[in-house]
Each structure stands twice: as structure tokens, then as C-alpha cells.
Amino acid sequence: MNKLFILFFSLTFSLSVFSQDKLQERAKKISDEMTTVLSLDEETSEEIYHIQLKRFIDAQKIRKVNREDKEQMKAELKKMQGKLWHNLKGVVGKDNMKSWGSYKKTSKKKSSGNKN
């Protein structure tokens, strides 16, 4: 019985660490992209990384808590998106956020055009 418990605990812990690593990779990818596109310094890039990581962790929690209520999940994630935009604007400034928004729209159009 103890071996089974240890195995279960180890597996759960491993999955949790793996999930955290994926979130960190995603946050790093976005912060690196924003740093390149907006020509940001290292300190600002680090702040963006932490904001994005918190976003991914919070989104994961929202999805887990509201798994059964898709409408509530959608509303919570939308509210979180607004907070994200506000936090990023506080770090990089209004003009840079406009540039980032334009860049993302352009890159979405390019990526959706390449799928056909």
C-alpha cells in the first residue's frame, strides 16, 4: 500500500512539474517575442515574463475550477485577459501596447493565410 501511495504521489508531482515547465516555456516565448518586437530592455522583459507566467497559472486554475461551467470559465478568462492587457500596458506603455496589438493582428492574418 505504501509503495502504491509513493508511486501515485511521484506521478502526480511529476505531472505538476511538467505542467509548470510548459507554462514557463510559454511565458518565456511571449516575453521574448514582445522584447524583440518592441525593442525592450532586459528588466522590462523579465517583468513581462512574470506577468505572462501568472496569467498562465491563473488561467489553468480557472479552467480547473470551472471545468463544468463553460460560460463561467469563458467569462473569467475574458476578465483575466482585460487584467493582463492593463498590467502589460503599465509595464511597456500605451504606445507599445498599440504596436503589440497591431503586430499580433498582422501575425494572425499571416498565420491563418498560410493554412490554406
# chains A, B, ... in the order shown; residues from 1 in each chain; ligands from 1
$ residues_around --residues "range 43-56 of chain A" --least-positions-apart "2" --cutoff "9 Å" --atoms "only C-alpha atoms" --output "ChimeraX atom specification"
/A:23-32,34-35,40-41,58-61,80-81,84,87-88,91-92
$ write_last_selection --atoms "C-alpha atoms" --output "mmCIF file, in the first residue's frame"
data_model
loop_
_atom_site.group_PDB
_atom_site.id
_atom_site.type_symbol
_atom_site.label_atom_id
_atom_site.label_comp_id
_atom_site.auth_asym_id
_atom_site.auth_seq_id
_atom_site.Cartn_x
_atom_site.Cartn_y
_atom_site.Cartn_z
ATOM 1 C CA LEU A 23 3.734 27.294 -18.586
ATOM 2 C CA GLN A 24 7.191 28.762 -18.037
ATOM 3 C CA GLU A 25 8.164 27.972 -21.630
ATOM 4 C CA ARG A 26 5.038 29.681 -22.961
ATOM 5 C CA ALA A 27 5.607 32.750 -20.771
ATOM 6 C CA LYS A 28 9.247 32.928 -21.897
ATOM 7 C CA LYS A 29 8.280 32.626 -25.562
ATOM 8 C CA ILE A 30 5.814 35.515 -25.332
ATOM 9 C CA SER A 31 8.131 37.737 -23.306
ATOM 10 C CA ASP A 32 10.968 37.094 -25.773
ATOM 11 C CA MET A 34 7.462 41.099 -27.077
ATOM 12 C CA THR A 35 11.038 42.082 -26.223
ATOM 13 C CA LEU A 40 12.511 46.274 -24.762
ATOM 14 C CA ASP A 41 15.285 46.074 -22.185
ATOM 15 C CA ASP A 58 -4.337 31.724 -13.209
ATOM 16 C CA ALA A 59 -5.913 30.525 -16.478
ATOM 17 C CA GLN A 60 -5.067 26.943 -15.583
ATOM 18 C CA LYS A 61 -6.774 27.377 -12.196
ATOM 19 C CA MET A 80 -8.413 37.893 -16.823
ATOM 20 C CA GLN A 81 -7.475 38.961 -20.378
ATOM 21 C CA LEU A 84 -3.432 41.099 -18.476
ATOM 22 C CA ASN A 87 -0.796 45.016 -16.444
ATOM 23 C CA LEU A 88 1.238 44.843 -19.644
ATOM 24 C CA VAL A 91 4.937 47.933 -17.862
ATOM 25 C CA VAL A 92 5.506 48.754 -21.545
#
$ closest_residue --among "A:Leu77, A:Gly82, A:Ile57, A:Leu38" --to "Lys104 in chain A" --atoms "only C-alpha atoms"
A:Leu38
$ closest_residue --among "A:Glu33, A:Ile62, A:Lys89, A:Ser111" --to "Glu76 in chain A" --atoms "only C-alpha atoms"
A:Ile62
$ closest_residue --among "A:Arg67, A:Lys74, A:Glu42, A:Val37" --to "Lys98 in chain A" --atoms "only C-alpha atoms"
A:Val37
